[in-house]
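Asker: This is the structure, below, for whatever I ask next.
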Amino acid sequence: MEKLWTGRFQKPLNEIADAFNASIGFDSRMYQQDITGSMVHAAMLAKQGIISQSEQESIVSTLADILAELDSGALEIDSACEDIHMFVEGELTKRIGAVGKKLHTARSRNDQVALDLRLYLREECAVVEELLGEVIAAIVSVAEKNTDTIVPGYTHLQRAQPILFAHHLLAYCAMFERDMARIGDAVDRMNTASPIGSCALAGTTYNTDRVYEAQQLGFGAPCINSIDGVSDRDFCLELMSAFSIVMMHLSRFCEELILWSSWEFAFVELDDSFTTGSSIMPQKKNADMAELIRGKTGRVYGNLFALFTTLKGLPLAYNKDMQEDKEGIFDTLDTLKMCLQVFAPMVASMKLKKENMLAAAKGGFINATDLADYLTKKGMPFRTAYKLTGQIVAYCIEQGCDLESVPLARYRQFSELFESDVFEAISLQACVEKRISQGGTGKASVEAQIAHYKEH
Ligand code: ARG
């Protein structure tokens with residue numbers, strides 16, 4: 001297809017340079033948004049008397065035909081075109097001749113692509129938010145069934161205090177809820193300013209109505225500065241940052257799933273449908289999906305940094321370097337959506353080995369804080385109680401026993417404050433149940449958390 005910009009050139013573009021320059025291979029996924037933007041642009045041109053009413057009708061109805069044919073597959077995108085903007089305009093002109101050539105009045109591909117990308121990302125973000133909602137629902141479904149399941153809570157990957165498994169899971173709901181809010185914030189900001197009408201960089205001599213275009217396309221207002229309108233890719237960076245944080249959360253959860261499904265922990269067994277075997281070791285059941293999500297987090301971070309690096313030295317306004325924005329963010333979106341789609345059913349279908357969780361919670365002197373709290377409640381200053389409990393733990397290590405099996409008489413040699421109620425105070429159930437502070441691991445608190453995530 002002949003280039004739309006051939007006027008001042010004596011020679012055609014070198015074949016390799018042509019392929020190198022083209023973005024149609026990846027920007028064709030924005031064809032719907034490109035056509036939507038063009039329809040609004042044509043309506044604005046007619047409203048302002050820049051093109052006639054009948055010209056607008058012809059442009060808009062032909063664009064509608066092109067859209068329908070692309071949707072149905074009746075029309076194929078010509079990969080010989082430079083980009084999706086050229087393809088749509090070229091196809092329009094092929095069908096209605098000179099009238100089609102009027103569409104690009106008071107517009108440039110620079111503001112066109114800045115618009116298309118925003119419209120595309122807006123829709124994709126709605127999909128991501130929905131998938132995040134499904135992830136939260138999947139986690140809540142497991143949490144609901146595990147408000148009595150005790151596991152060790154860890155700090156430094158050392159057993160710290162006993163917690164409900166549901167409590168641990170719900171921490172991730174808090175992360176994913178923030179992720180949704182973060183994406184929503186970025187989308188809101190992206191939707192405040194419409195770039196269309198910035199034209200190449202300097203605006204236009206035509207009497208355009210940018211407010212009308214902004215309104216029609218769902219933006220708060222036209223962007224204030226046309227140079228910024230065509231040069232800004234902050235919205236991509238913000239979204240890719242938010243997506244990177246989602247991946248980081250998924251990756252942390254996946255790392256835990258991988259650990260928990262090892263024989264060393266044996267807390268969970270992932271469903272057969274989300275694990276794979278080994279080609280040589282018949283006993284293996286590998287958490288490949290969880291590992292892949294963890295692995296793909298690297299490439300999502302990479303896409304973010306690639307765009308940061310692309311933009312850092314760019315003079316204003318548009319530079320072709322900016323065409324590099326799309327592949328990274330599209331890849332990030334594809335990757336993220338796939339990860340979320342795999343993650344939700346993988347979590348919902350995992351089997352828990354509750355006896356192993358409880359057994360682990362029983363070891364490691366996990367109730368030592370509660371022993372210290374017991375003494376504190378009987379009047380001993382916490383620091384003193386902490387030190388004495390440390391000595392009792394050391395004694396138990398030496399004896400090869402746990403805190404529950406030290407006889408009362410021996411406890412009383414450590415402190416007269418110990419009475420027979422100490423055993424109840426340090427039972428695992430009590431350690432969990434007594435943590436009634438808001439957001440804590442006590443059952444009532446965990447149930448309140450579940451209720452929160454079911455509502456939102
Ligand atoms: N394909 C280009 C991109 O993605 C569209 C804008 C081209 N503008 C230009 N002045 N060459 O950035």
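Here's how to read the names in the structure tokens: chain A, B, ... by the order shown, residue numbers from 1 in each chain, ligand numbers from 1 in the order shown.
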What residues of the protein or nucleic acid chains come within 8 Å of ligand 1 when you use only C-alpha atoms and all ligand atoms? Reply as a list in words.

Answerer: Ala22, Ser23, Ile24, Asp27, Glu82, Asp83, Ile84, His85, Ser108, Arg109, Asn110, Asp111, Gln112, Val113, Ala200, Tyr318, Asn319, Lys320, Asp321, Met322, Gln323, Glu324, Asp325 and Lys326 of chain A

Asker: Step one, run DSSP on the backbone; step two, keep only residues of stretch 159-328 of chain A assigned to alpha helix (DSSP H); then write them as a CSV table (one decimal) with C-alpha atoms, in the first residue's frame.

Answerer:
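Output (out.csv):
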chain,number,residue,atom,x,y,z
A,165,PHE,CA,-5.0,-19.9,58.1
A,166,ALA,CA,-7.9,-17.7,57.0
A,167,HIS,CA,-6.1,-14.7,58.5
A,168,HIS,CA,-3.0,-15.4,56.5
A,169,LEU,CA,-5.0,-15.7,53.3
A,170,LEU,CA,-6.9,-12.5,53.9
A,171,ALA,CA,-3.7,-10.5,54.0
A,172,TYR,CA,-3.6,-11.1,50.3
A,173,CYS,CA,-7.1,-9.8,49.9
A,174,ALA,CA,-5.9,-6.5,51.5
A,175,MET,CA,-3.2,-6.3,48.9
A,176,PHE,CA,-5.4,-7.0,45.9
A,177,GLU,CA,-8.0,-4.6,47.2
A,178,ARG,CA,-5.3,-1.9,47.2
A,179,ASP,CA,-4.3,-2.9,43.7
A,180,MET,CA,-7.8,-2.4,42.5
A,181,ALA,CA,-7.9,1.1,44.0
A,182,ARG,CA,-4.4,1.9,42.6
A,183,ILE,CA,-5.5,0.9,39.1
A,184,GLY,CA,-8.7,2.9,39.5
A,185,ASP,CA,-6.7,6.0,40.5
A,186,ALA,CA,-4.5,5.7,37.5
A,187,VAL,CA,-7.4,5.2,35.2
A,188,ASP,CA,-9.2,8.2,36.7
A,189,ARG,CA,-6.2,10.4,36.1
A,190,MET,CA,-5.8,9.1,32.6
A,210,ARG,CA,-11.8,20.0,21.9
A,211,VAL,CA,-14.2,20.1,24.7
A,212,TYR,CA,-16.8,18.4,22.6
A,213,GLU,CA,-14.3,15.7,21.6
A,214,ALA,CA,-13.2,15.2,25.2
A,215,GLN,CA,-16.8,14.8,26.3
A,216,GLN,CA,-17.8,12.4,23.6
A,226,SER,CA,-0.8,20.3,23.4
A,227,ILE,CA,2.9,19.6,23.6
A,228,ASP,CA,2.3,17.6,26.7
A,229,GLY,CA,-0.8,16.0,25.1
A,230,VAL,CA,1.4,14.2,22.5
A,231,SER,CA,4.5,13.6,24.6
A,234,ASP,CA,2.9,8.9,32.3
A,235,PHE,CA,-0.4,7.0,32.2
A,236,CYS,CA,1.5,4.0,30.8
A,237,LEU,CA,4.1,4.2,33.5
A,238,GLU,CA,1.5,4.6,36.3
A,239,LEU,CA,-0.5,1.6,35.0
A,240,MET,CA,2.6,-0.5,34.5
A,241,SER,CA,3.7,0.3,38.1
A,242,ALA,CA,0.3,-0.7,39.4
A,243,PHE,CA,0.4,-3.9,37.4
A,244,SER,CA,3.9,-4.6,38.6
A,245,ILE,CA,2.7,-4.3,42.2
A,246,VAL,CA,-0.1,-6.8,41.4
A,247,MET,CA,2.4,-9.2,40.0
A,248,MET,CA,4.6,-8.8,43.1
A,249,HIS,CA,1.6,-9.7,45.2
A,250,LEU,CA,0.8,-12.7,43.1
A,251,SER,CA,4.4,-13.7,43.2
A,252,ARG,CA,4.6,-13.6,47.0
A,253,PHE,CA,1.5,-15.7,47.2
A,254,CYS,CA,2.9,-18.1,44.6
A,255,GLU,CA,6.2,-18.4,46.5
A,256,GLU,CA,4.2,-19.4,49.6
A,257,LEU,CA,2.2,-22.0,47.6
A,258,ILE,CA,5.5,-23.4,46.3
A,259,LEU,CA,6.9,-23.7,49.8
A,260,TRP,CA,3.7,-25.0,51.3
A,288,ASP,CA,4.7,-25.0,37.6
A,289,MET,CA,1.9,-22.5,37.4
A,290,ALA,CA,2.8,-20.8,40.6
A,291,GLU,CA,6.5,-20.8,39.5
A,292,LEU,CA,5.5,-19.3,36.1
A,293,ILE,CA,3.5,-16.5,37.8
A,294,ARG,CA,6.6,-15.8,40.0
A,295,GLY,CA,8.8,-15.9,36.9
A,296,LYS,CA,6.6,-13.7,34.8
A,297,THR,CA,6.8,-11.0,37.4
A,298,GLY,CA,10.3,-10.3,36.2
A,299,ARG,CA,9.2,-9.6,32.7
A,300,VAL,CA,6.4,-7.3,33.9
A,301,TYR,CA,8.9,-5.3,35.9
A,302,GLY,CA,11.2,-5.3,32.8
A,303,ASN,CA,8.5,-3.8,30.6
A,304,LEU,CA,8.0,-1.0,33.1
A,305,PHE,CA,11.8,-0.3,33.2
A,306,ALA,CA,12.0,-0.5,29.4
A,307,LEU,CA,9.5,2.3,29.1
A,308,PHE,CA,11.1,4.4,31.8
A,309,THR,CA,14.4,4.1,30.0
A,310,THR,CA,12.9,4.8,26.6
A,311,LEU,CA,11.4,8.1,27.9
A,312,LYS,CA,14.2,9.3,30.0
A,325,ASP,CA,5.5,2.1,24.5
A,326,LYS,CA,2.9,-0.3,23.1
A,327,GLU,CA,4.5,-3.7,22.9
A,328,GLY,CA,5.6,-3.6,26.6

Asker: Could you list, as a ChimeraX atom specification, every residue within 12 Å of A:Lys434, counting only C-alpha atoms and ignoring same-chain residues fewer than 3 positions away?

Answerer: /A:162-163,370,373-374,424-431,437-438,440-445

Asker: Neighbouring residues of A:Ser54 were defined as those with any atom within 10 Å, considering only C-alpha atoms; residues of the same chain fewer than 6 positions away were excluded. Please report them as a ChimeraX atom specification.

Answerer: /A:46,60,99

Asker: Any idea what's packed within 9 Å of stretch 273-284 of chain A, counting only C-alpha atoms, ignoring anything in its chain fewer than 3 positions away? Could you give it as a PyMOL selection string?

Answerer: chain A and resi 270+287-290+342+345-346+349-350

Asker: Those residues you just picked out, can you put them in a file as a short mmCIF file (atom, residue, chain, number, x, y, z; two decimals), in the first residue's frame with C-alpha atoms?

Answerer:
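See selection-v1.cif below for the written result:
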data_model
loop_
_atom_site.label_atom_id
_atom_site.label_comp_id
_atom_site.auth_asym_id
_atom_site.auth_seq_id
_atom_site.Cartn_x
_atom_site.Cartn_y
_atom_site.Cartn_z
CA LEU A 270 -2.29 -28.08 44.57
CA ALA A 287 3.87 -26.24 41.09
CA ASP A 288 4.72 -24.99 37.59
CA MET A 289 1.85 -22.51 37.36
CA ALA A 290 2.85 -20.83 40.61
CA VAL A 342 -4.73 -19.15 36.33
CA PRO A 345 -8.92 -21.39 40.27
CA MET A 346 -5.52 -22.71 41.37
CA SER A 349 -9.00 -25.80 44.19
CA MET A 350 -6.01 -26.42 46.47
#

Asker: Stretch 396-401 of chain A: which residues within 12 Å, counting only C-alpha atoms, same-chain residues fewer than 6 positions away excluded, as a list of chain:residue names?

Answerer: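 Neighbouring residues, sequence-local ones excluded: A:Lys362, A:Gly363, A:Gly364, A:Phe365, A:Ala368, A:Thr389, A:Gly390, A:Pro407, A:Arg410, A:Tyr411.
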
Asker: Between atom CA of A:Asp34 and atom CA of A:Gly7, what is the spacing in Å?

Answerer: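 We find that atom CA of A:Gly7 and atom CA of A:Asp34 lie 24.3 Å from each other.
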
Asker: Name the residues of stretch 119-341 of chain A that come out as strand (DSSP E or B) in a backbone DSSP run; write them as a list in words.

Answerer: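 The residues of stretch 119-341 of chain A classed as strand (DSSP E or B) are Ile150, Val151, Pro152, Gly153, Tyr154, Thr155, Gln158, Arg159, Ala160, Gln161, Pro162, Ile163, Leu164, Ala193, Ser194, Ala221, Pro222, Val268, Glu269, Thr276 and Asn286 of chain A.
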
Asker: Please dump the current selection as a compact mmCIF listing (two decimals), in the first residue's frame; keep N, CA, C and O atoms.

Answerer:
# COMPACT_ATOMS: atom_id res chain seq x y z
N ILE A 150 -5.60 -23.81 62.23
CA ILE A 150 -4.46 -23.10 62.84
C ILE A 150 -3.17 -23.45 62.10
O ILE A 150 -2.90 -24.61 61.78
N VAL A 151 -2.39 -22.42 61.83
CA VAL A 151 -1.07 -22.60 61.20
C VAL A 151 -0.07 -21.73 61.95
O VAL A 151 -0.45 -20.77 62.61
N PRO A 152 1.20 -22.04 61.76
CA PRO A 152 2.17 -21.10 62.34
C PRO A 152 2.16 -19.81 61.53
O PRO A 152 2.09 -19.86 60.31
N GLY A 153 2.21 -18.69 62.22
CA GLY A 153 2.48 -17.43 61.53
C GLY A 153 3.98 -17.24 61.62
O GLY A 153 4.60 -17.64 62.62
N TYR A 154 4.59 -16.70 60.59
CA TYR A 154 6.05 -16.61 60.55
C TYR A 154 6.53 -15.17 60.54
O TYR A 154 5.88 -14.29 59.98
N THR A 155 7.69 -14.95 61.14
CA THR A 155 8.50 -13.77 60.81
C THR A 155 9.90 -14.34 60.59
O THR A 155 10.29 -15.31 61.26
N GLN A 158 10.67 -17.97 60.49
CA GLN A 158 10.75 -18.75 61.73
C GLN A 158 9.36 -18.70 62.34
O GLN A 158 8.68 -17.67 62.29
N ARG A 159 8.94 -19.81 62.95
CA ARG A 159 7.62 -19.83 63.56
C ARG A 159 7.52 -18.73 64.61
O ARG A 159 8.39 -18.63 65.48
N ALA A 160 6.48 -17.93 64.52
CA ALA A 160 6.39 -16.74 65.39
C ALA A 160 5.22 -16.84 66.37
O ALA A 160 5.42 -16.91 67.58
N GLN A 161 4.00 -16.86 65.83
CA GLN A 161 2.81 -16.96 66.67
C GLN A 161 1.77 -17.74 65.90
O GLN A 161 1.73 -17.67 64.66
N PRO A 162 0.92 -18.50 66.60
CA PRO A 162 -0.10 -19.25 65.86
C PRO A 162 -1.17 -18.31 65.31
O PRO A 162 -1.52 -17.32 65.97
N ILE A 163 -1.63 -18.59 64.13
CA ILE A 163 -2.67 -17.77 63.50
C ILE A 163 -3.69 -18.68 62.81
O ILE A 163 -3.43 -19.87 62.62
N LEU A 164 -4.80 -18.10 62.44
CA LEU A 164 -5.75 -18.85 61.62
C LEU A 164 -5.28 -18.78 60.17
O LEU A 164 -4.83 -17.73 59.70
N ALA A 193 -7.71 14.04 31.07
CA ALA A 193 -7.28 14.94 29.99
C ALA A 193 -7.22 14.23 28.65
O ALA A 193 -6.49 13.26 28.48
N SER A 194 -7.98 14.76 27.70
CA SER A 194 -8.00 14.18 26.35
C SER A 194 -6.91 14.79 25.48
O SER A 194 -6.80 16.01 25.36
N ALA A 221 -11.80 16.69 30.35
CA ALA A 221 -11.54 17.95 29.62
C ALA A 221 -10.42 17.70 28.62
O ALA A 221 -9.74 16.68 28.69
N PRO A 222 -10.21 18.63 27.68
CA PRO A 222 -9.02 18.49 26.82
C PRO A 222 -7.76 18.72 27.66
O PRO A 222 -7.82 19.45 28.65
N VAL A 268 -0.14 -27.75 51.88
CA VAL A 268 -1.18 -27.77 50.84
C VAL A 268 -0.78 -28.73 49.73
O VAL A 268 0.39 -29.06 49.55
N GLU A 269 -1.81 -29.17 49.01
CA GLU A 269 -1.55 -29.91 47.79
C GLU A 269 -2.34 -29.21 46.69
O GLU A 269 -3.57 -29.08 46.78
N THR A 276 2.21 -30.07 37.28
CA THR A 276 2.74 -30.90 36.19
C THR A 276 3.69 -31.93 36.76
O THR A 276 4.16 -31.80 37.89
N ASN A 286 4.89 -30.91 40.32
CA ASN A 286 5.52 -29.59 40.40
C ASN A 286 4.49 -28.45 40.32
O ASN A 286 3.54 -28.53 39.55

Asker: Please list as number ranges by chain every residue within 7 Å of A:Ala266, counting only C-alpha atoms and excluding residues in the same chain fewer than 5 positions away.

Answerer: A: 260-261, 353, 356
